[in-house]
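Participant: Here you go, this is target_6.pdb (PDB, C-alpha atoms).
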ATOM      1  CA  MET M 138      31.659  66.682  57.953
ATOM      2  CA  LYS M 139      32.365  64.649  54.825
ATOM      3  CA  GLN M 140      29.829  64.148  52.091
ATOM      4  CA  LEU M 141      28.279  60.808  51.280
ATOM      5  CA  ARG M 142      30.023  58.951  48.500
ATOM      6  CA  LEU M 143      28.046  56.722  46.196
ATOM      7  CA  GLY M 144      31.055  54.427  45.755
ATOM      8  CA  VAL M 145      31.282  53.752  49.484
ATOM      9  CA  LEU M 146      27.570  52.982  49.665
ATOM     10  CA  ALA M 147      27.779  50.716  46.611
ATOM     11  CA  GLY M 148      30.760  48.911  48.143
ATOM     12  CA  LEU M 149      28.888  48.367  51.402
ATOM     13  CA  PHE M 150      25.869  47.127  49.459
ATOM     14  CA  ALA M 151      27.962  44.703  47.400
ATOM     15  CA  ALA M 152      29.941  43.389  50.378
ATOM     16  CA  ALA M 153      26.801  42.858  52.449
ATOM     17  CA  GLY M 154      25.109  41.201  49.474
ATOM     18  CA  VAL M 155      27.920  38.744  48.862
ATOM     19  CA  LEU M 156      28.226  37.895  52.554
ATOM     20  CA  SER M 157      24.467  37.473  52.871
ATOM     21  CA  TRP M 158      24.273  35.265  49.783
ATOM     22  CA  GLY M 159      27.055  33.063  51.139
ATOM     23  CA  ALA M 160      25.484  32.940  54.573
ATOM     24  CA  ALA M 161      22.110  32.029  53.063
ATOM     25  CA  ARG M 162      23.687  29.135  51.156
ATOM     26  CA  LEU M 163      25.469  27.939  54.270
ATOM     27  CA  TRP M 164      22.381  28.334  56.463
ATOM     28  CA  GLU M 165      20.226  26.460  53.958
ATOM     29  CA  SER M 166      22.640  23.528  53.911
ATOM     30  CA  ILE M 167      22.601  23.339  57.724
ATOM     31  CA  GLY M 168      18.919  23.971  58.385
ATOM     32  CA  THR M 169      16.176  26.346  57.346
ATOM     33  CA  LEU M 170      16.830  29.862  56.160
ATOM     34  CA  PRO M 171      15.362  32.614  58.394
ATOM     35  CA  SER M 172      12.565  34.494  56.683
ATOM     36  CA  VAL M 173      12.699  38.041  55.367
ATOM     37  CA  PRO M 174      10.269  40.029  57.534
ATOM     38  CA  LEU M 175       7.402  41.857  55.878
ATOM     39  CA  ALA M 176       8.277  44.859  58.058
ATOM     40  CA  ALA M 177      11.713  45.305  56.450
ATOM     41  CA  PRO M 178      10.598  47.235  53.338
ATOM     42  CA  ILE M 179       7.986  49.097  55.363
ATOM     43  CA  VAL M 180      10.511  50.374  57.912
ATOM     44  CA  LEU M 181      12.953  51.409  55.193
ATOM     45  CA  ALA M 182      10.181  53.199  53.303
ATOM     46  CA  VAL M 183       9.148  55.062  56.462
ATOM     47  CA  ILE M 184      12.742  56.201  56.976
ATOM     48  CA  ALA M 185      12.865  57.395  53.358
ATOM     49  CA  VAL M 186       9.642  59.358  53.864
ATOM     50  CA  VAL M 187      10.955  60.934  57.078
ATOM     51  CA  LEU M 188      14.203  61.971  55.378
ATOM     52  CA  THR M 189      12.363  63.379  52.367
ATOM     53  CA  SER M 190       9.884  65.327  54.480
ATOM     54  CA  THR M 191      12.729  66.709  56.594
ATOM     55  CA  ALA M 192      14.556  67.808  53.450
ATOM     56  CA  LEU M 193      11.452  69.452  52.000
ATOM     57  CA  SER M 194      10.720  71.242  55.264
ATOM     58  CA  LEU M 195      14.279  72.509  55.604
ATOM     59  CA  ARG M 196      14.356  73.573  51.956
ATOM     60  CA  ALA M 197      11.178  75.622  52.382
ATOM     61  CA  ARG M 198      12.466  77.230  55.574
ATOM     62  CA  LEU M 199      15.834  78.030  54.029
ATOM     63  CA  ARG M 200      14.159  79.525  50.954
ATOM     64  CA  ALA M 201      11.933  81.707  53.136
ATOM     65  CA  GLN M 202      14.951  82.786  55.153
ATOM     66  CA  ARG M 203      16.942  83.646  51.996
ATOM     67  CA  GLU M 204      14.060  85.655  50.566
ATOM     68  CA  ARG M 205      13.707  87.455  53.916
ATOM     69  CA  ARG M 206       9.994  86.800  54.162
ATOM     70  CA  PRO M 207       8.350  88.424  57.179
ATOM     71  CA  GLY M 208       7.831  85.898  59.960
ATOM     72  CA  ALA M 209      10.092  83.345  58.298
ATOM     73  CA  LYS M 210      11.289  80.736  60.729
ATOM     74  CA  GLY M 211      15.028  80.280  60.316
ATOM     75  CA  VAL M 212      17.008  77.068  60.446
ATOM     76  CA  GLU M 213      19.425  76.559  63.306
ATOM     77  CA  PRO M 214      22.800  75.405  61.958
ATOM     78  CA  LEU M 215      23.020  72.653  64.571
ATOM     79  CA  MET M 216      19.592  71.345  63.582
ATOM     80  CA  ALA M 217      20.628  71.217  59.928
ATOM     81  CA  ALA M 218      23.856  69.442  60.858
ATOM     82  CA  ARG M 219      21.932  66.884  62.918
ATOM     83  CA  ALA M 220      19.549  66.282  60.018
ATOM     84  CA  VAL M 221      22.474  65.664  57.676
ATOM     85  CA  VAL M 222      24.125  63.279  60.135
ATOM     86  CA  PHE M 223      20.823  61.420  60.495
ATOM     87  CA  GLY M 224      20.595  61.179  56.711
ATOM     88  CA  GLN M 225      24.160  59.952  56.345
ATOM     89  CA  ALA M 226      23.758  57.351  59.069
ATOM     90  CA  SER M 227      20.485  56.191  57.547
ATOM     91  CA  ALA M 228      22.107  55.869  54.119
ATOM     92  CA  LEU M 229      24.991  53.799  55.480
ATOM     93  CA  VAL M 230      22.668  51.466  57.371
ATOM     94  CA  ALA M 231      20.291  51.241  54.403
ATOM     95  CA  ALA M 232      23.173  50.260  52.105
ATOM     96  CA  ILE M 233      24.176  47.426  54.426
ATOM     97  CA  VAL M 234      20.613  46.241  55.095
ATOM     98  CA  SER M 235      19.652  46.460  51.427
ATOM     99  CA  GLY M 236      22.738  44.508  50.462
ATOM    100  CA  MET M 237      21.899  41.891  53.058
ATOM    101  CA  TYR M 238      18.348  41.486  51.748
ATOM    102  CA  GLY M 239      19.581  41.683  48.165
ATOM    103  CA  GLY M 240      21.966  38.777  48.721
ATOM    104  CA  THR M 241      19.228  36.762  50.368
ATOM    105  CA  GLY M 242      16.858  37.634  47.533
ATOM    106  CA  VAL M 243      19.374  36.467  44.932
ATOM    107  CA  PHE M 244      19.685  33.178  46.808
ATOM    108  CA  LEU M 245      15.895  32.845  46.922
ATOM    109  CA  LEU M 246      15.603  33.307  43.150
ATOM    110  CA  GLY M 247      16.538  29.644  42.767
ATOM    111  CA  SER M 248      13.352  28.496  44.477
ATOM    112  CA  LEU M 249      10.596  30.795  43.217
ATOM    113  CA  ASP M 250       8.325  27.810  42.551
ATOM    114  CA  ILE M 251       7.769  27.462  46.315
ATOM    115  CA  PRO M 252       5.159  30.102  47.349
ATOM    116  CA  PRO M 253       6.703  31.008  50.750
ATOM    117  CA  ARG M 254      10.119  31.430  49.116
ATOM    118  CA  ARG M 255       8.587  33.542  46.356
ATOM    119  CA  ASP M 256       7.024  35.809  48.998
ATOM    120  CA  GLN M 257      10.375  36.086  50.783
ATOM    121  CA  ALA M 258      12.081  37.020  47.489
ATOM    122  CA  ILE M 259       9.448  39.706  46.877
ATOM    123  CA  TYR M 260       9.935  41.141  50.381
ATOM    124  CA  ALA M 261      13.692  41.143  49.814
ATOM    125  CA  GLY M 262      13.289  42.940  46.481
ATOM    126  CA  PHE M 263      11.056  45.588  48.007
ATOM    127  CA  SER M 264      13.573  46.001  50.830
ATOM    128  CA  VAL M 265      16.299  46.741  48.289
ATOM    129  CA  LEU M 266      14.070  49.288  46.537
ATOM    130  CA  ALA M 267      13.158  50.966  49.823
ATOM    131  CA  GLY M 268      16.852  51.054  50.789
ATOM    132  CA  ILE M 269      17.635  52.815  47.519
ATOM    133  CA  GLY M 270      14.880  55.288  48.417
ATOM    134  CA  VAL M 271      16.550  55.951  51.782
ATOM    135  CA  ILE M 272      19.877  56.578  50.058
ATOM    136  CA  ALA M 273      18.285  58.928  47.506
ATOM    137  CA  ALA M 274      16.494  60.837  50.281
ATOM    138  CA  ALA M 275      19.757  61.137  52.240
ATOM    139  CA  PHE M 276      21.540  62.594  49.214
ATOM    140  CA  PHE M 277      18.649  65.040  48.720
ATOM    141  CA  LEU M 278      18.755  66.096  52.386
ATOM    142  CA  GLU M 279      22.508  66.578  52.189
ATOM    143  CA  ARG M 280      22.119  68.718  49.070
ATOM    144  CA  VAL M 281      19.419  70.858  50.693
ATOM    145  CA  CYS M 282      21.586  71.546  53.755
ATOM    146  CA  LYS M 283      24.747  72.302  51.789
ATOM    147  CA  LEU M 284      26.009  75.840  52.278
ATOM    148  CA  PRO M 285      26.471  77.983  49.154
ATOM    149  CA  GLU M 286      30.078  78.730  50.172
ATOM    150  CA  ASP M 287      30.859  74.998  49.983
ATOM    151  CA  ASP M 288      30.526  75.099  46.182
ATOM    152  CA  ASP M 289      33.239  77.759  45.888
ATOM    153  CA  GLU M 290      35.636  75.809  48.108
ATOM    154  CA  ASN M 291      35.212  72.609  46.086
ATOM    155  CA  GLU M 292      35.868  74.411  42.790
ATOM    156  CA  THR M 293      39.155  75.911  44.036
ATOM    157  CA  ARG M 294      40.377  72.547  45.354
ATOM    158  CA  ALA M 295      39.718  70.689  42.085
TER
END
Please go through the file and, once you have read it, give me the structure as structure tokens.
Facilitator:
Amino acid sequence: MKQLRLGVLAGLFAAAGVLSWGAARLWESIGTLPSVPLAAPIVLAVIAVVLTSTALSLRARLRAQRERRPGAKGVEPLMAARAVVFGQASALVAAIVSGMYGGTGVFLLGSLDIPPRRDQAIYAGFSVLAGIGVIAAAFFLERVCKLPEDDDENETRA
């Protein structure tokens, strides 16, 4: 399994942002721009919280397992791998969705004097922030589930 790369996520964010900005301009010239849903930042924030709580839970269980505490509940390797895959998939989707809302938000900056547009720009901005939270939580989860032997392998390859 390959690690997340910040450059790939930034590229997805930028590409989605540019495409969304262009689509928003085109859509506005043809008709009315679809609104940014209030649920967008909320859903992304919930995903970030789920990823963070999963990472904290796994970190505590792994620490207890390493310290050989009596009654410590171990972590199944397949469960850790699934958690990392969930985090990586969430980060990729969050980069695209955040870029999409970021591009729309940039387009909406030109009409902040209209209250509904201002609200849409605020929702888009919060969506971008929540998407960044998802990406940060995914990196944290990946770091928690990384095996200690992986560090040695990366140093010898460099």
Participant: For range 156-162 of chain M, please output as number ranges by chain all residues within 6 Å (counting all atoms listed in the file; exclusion window: fewer than 3 positions along the same chain).
Facilitator: M: 153, 165, 237, 240-241, 244
Participant: Quick one: which residues end up in the PyMOL selection byres ((chain M and resi 228) around 9) for this structure, as a PDB file with C-alpha atoms, keeping the file's coordinate frame?
Facilitator:
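Saved file out_5.pdb follows:
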ATOM      1  CA  LEU M 141      28.279  60.808  51.280  1.00  0.00           C
ATOM      2  CA  LEU M 146      27.570  52.982  49.665  1.00  0.00           C
ATOM      3  CA  PHE M 223      20.823  61.420  60.495  1.00  0.00           C
ATOM      4  CA  GLY M 224      20.595  61.179  56.711  1.00  0.00           C
ATOM      5  CA  GLN M 225      24.160  59.952  56.345  1.00  0.00           C
ATOM      6  CA  ALA M 226      23.758  57.351  59.069  1.00  0.00           C
ATOM      7  CA  SER M 227      20.485  56.191  57.547  1.00  0.00           C
ATOM      8  CA  LEU M 229      24.991  53.799  55.480  1.00  0.00           C
ATOM      9  CA  VAL M 230      22.668  51.466  57.371  1.00  0.00           C
ATOM     10  CA  ALA M 231      20.291  51.241  54.403  1.00  0.00           C
ATOM     11  CA  ALA M 232      23.173  50.260  52.105  1.00  0.00           C
ATOM     12  CA  ILE M 233      24.176  47.426  54.426  1.00  0.00           C
ATOM     13  CA  GLY M 268      16.852  51.054  50.789  1.00  0.00           C
ATOM     14  CA  ILE M 269      17.635  52.815  47.519  1.00  0.00           C
ATOM     15  CA  VAL M 271      16.550  55.951  51.782  1.00  0.00           C
ATOM     16  CA  ILE M 272      19.877  56.578  50.058  1.00  0.00           C
ATOM     17  CA  ALA M 273      18.285  58.928  47.506  1.00  0.00           C
ATOM     18  CA  ALA M 274      16.494  60.837  50.281  1.00  0.00           C
ATOM     19  CA  ALA M 275      19.757  61.137  52.240  1.00  0.00           C
ATOM     20  CA  PHE M 276      21.540  62.594  49.214  1.00  0.00           C
TER      21      PHE M 276
END
Participant: Please measure the separation of CA of Gly270 in chain M and CA of Ser235 in chain M, giving the value in Å to one decimal.
Facilitator: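 Interatomic distance here is 10.5 Å.
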Participant: Expand the PyMOL selection byres ((chain M and resi 258) around 8) into the individual residues it matches in the shown file, reporting them as a VMD selection string.
Facilitator: chain M and resid 173 241 to 243 245 to 246 249 254 to 257 259 to 262
Participant: Which distance in Å separates CA of Val222 in chain M and CA of Arg196 in chain M, to one decimal?
Facilitator: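 These atoms are spaced 16.4 Å apart.
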Participant: Contacts of Val281 in chain M at 12 Å or less, counting only C-alpha atoms, minus same-chain residues fewer than 4 places along, as a CSV table (one decimal) with C-alpha atoms, keeping the file's coordinate frame?
Facilitator:
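out11.csv was written with the following content:
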chain,number,residue,atom,x,y,z
M,188,LEU,CA,14.2,62.0,55.4
M,189,THR,CA,12.4,63.4,52.4
M,190,SER,CA,9.9,65.3,54.5
M,191,THR,CA,12.7,66.7,56.6
M,192,ALA,CA,14.6,67.8,53.4
M,193,LEU,CA,11.5,69.5,52.0
M,194,SER,CA,10.7,71.2,55.3
M,195,LEU,CA,14.3,72.5,55.6
M,196,ARG,CA,14.4,73.6,52.0
M,197,ALA,CA,11.2,75.6,52.4
M,198,ARG,CA,12.5,77.2,55.6
M,199,LEU,CA,15.8,78.0,54.0
M,200,ARG,CA,14.2,79.5,51.0
M,212,VAL,CA,17.0,77.1,60.4
M,217,ALA,CA,20.6,71.2,59.9
M,218,ALA,CA,23.9,69.4,60.9
M,220,ALA,CA,19.5,66.3,60.0
M,221,VAL,CA,22.5,65.7,57.7
M,224,GLY,CA,20.6,61.2,56.7
M,274,ALA,CA,16.5,60.8,50.3
M,275,ALA,CA,19.8,61.1,52.2
M,276,PHE,CA,21.5,62.6,49.2
M,277,PHE,CA,18.6,65.0,48.7
M,285,PRO,CA,26.5,78.0,49.2
Participant: Kindly give the distance, in Å, that separates CA of Arg219 in chain M and CA of Ile184 in chain M, rounded to a single decimal.
Facilitator: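 Between these atoms lies a distance of 15.3 Å.
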Participant: Would you list the residues near (10.9, 46.2, 58.3), meaning any protein, DNA or RNA residue with an atom at most 12 Å from that point in file coordinates, counting all atoms listed in the file, as a list in words?
Facilitator: Ser172, Val173, Pro174, Leu175, Ala176, Ala177, Pro178, Ile179, Val180, Leu181, Ala182, Val183, Ile184, Ala231, Val234, Ser235, Tyr238, Tyr260, Ala261, Phe263, Ser264, Val265, Ala267 and Gly268 of chain M
Participant: Determine the nearest neighbour of Gly236 in chain M from the options M:Ile251, M:Leu266, M:Ser166, M:Ala185, counting only C-alpha atoms.
Facilitator: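 Nearest candidate to Gly236 in chain M out of M:Ile251, M:Leu266, M:Ser166, M:Ala185: M:Leu266.
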Participant: Here is a test: counting only C-alpha atoms, which residue of M:Leu143, M:Leu278, M:Met216, M:Met138 is nearest to Val186 in chain M?
Facilitator: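 Of all the options, M:Leu278 lies closest to Val186 in chain M.
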Participant: Using all atoms listed in the file, which of M:Ser248, M:Arg280, M:Arg142, M:Gly239 sits nearest Val155 in chain M?
Facilitator: M:Gly239
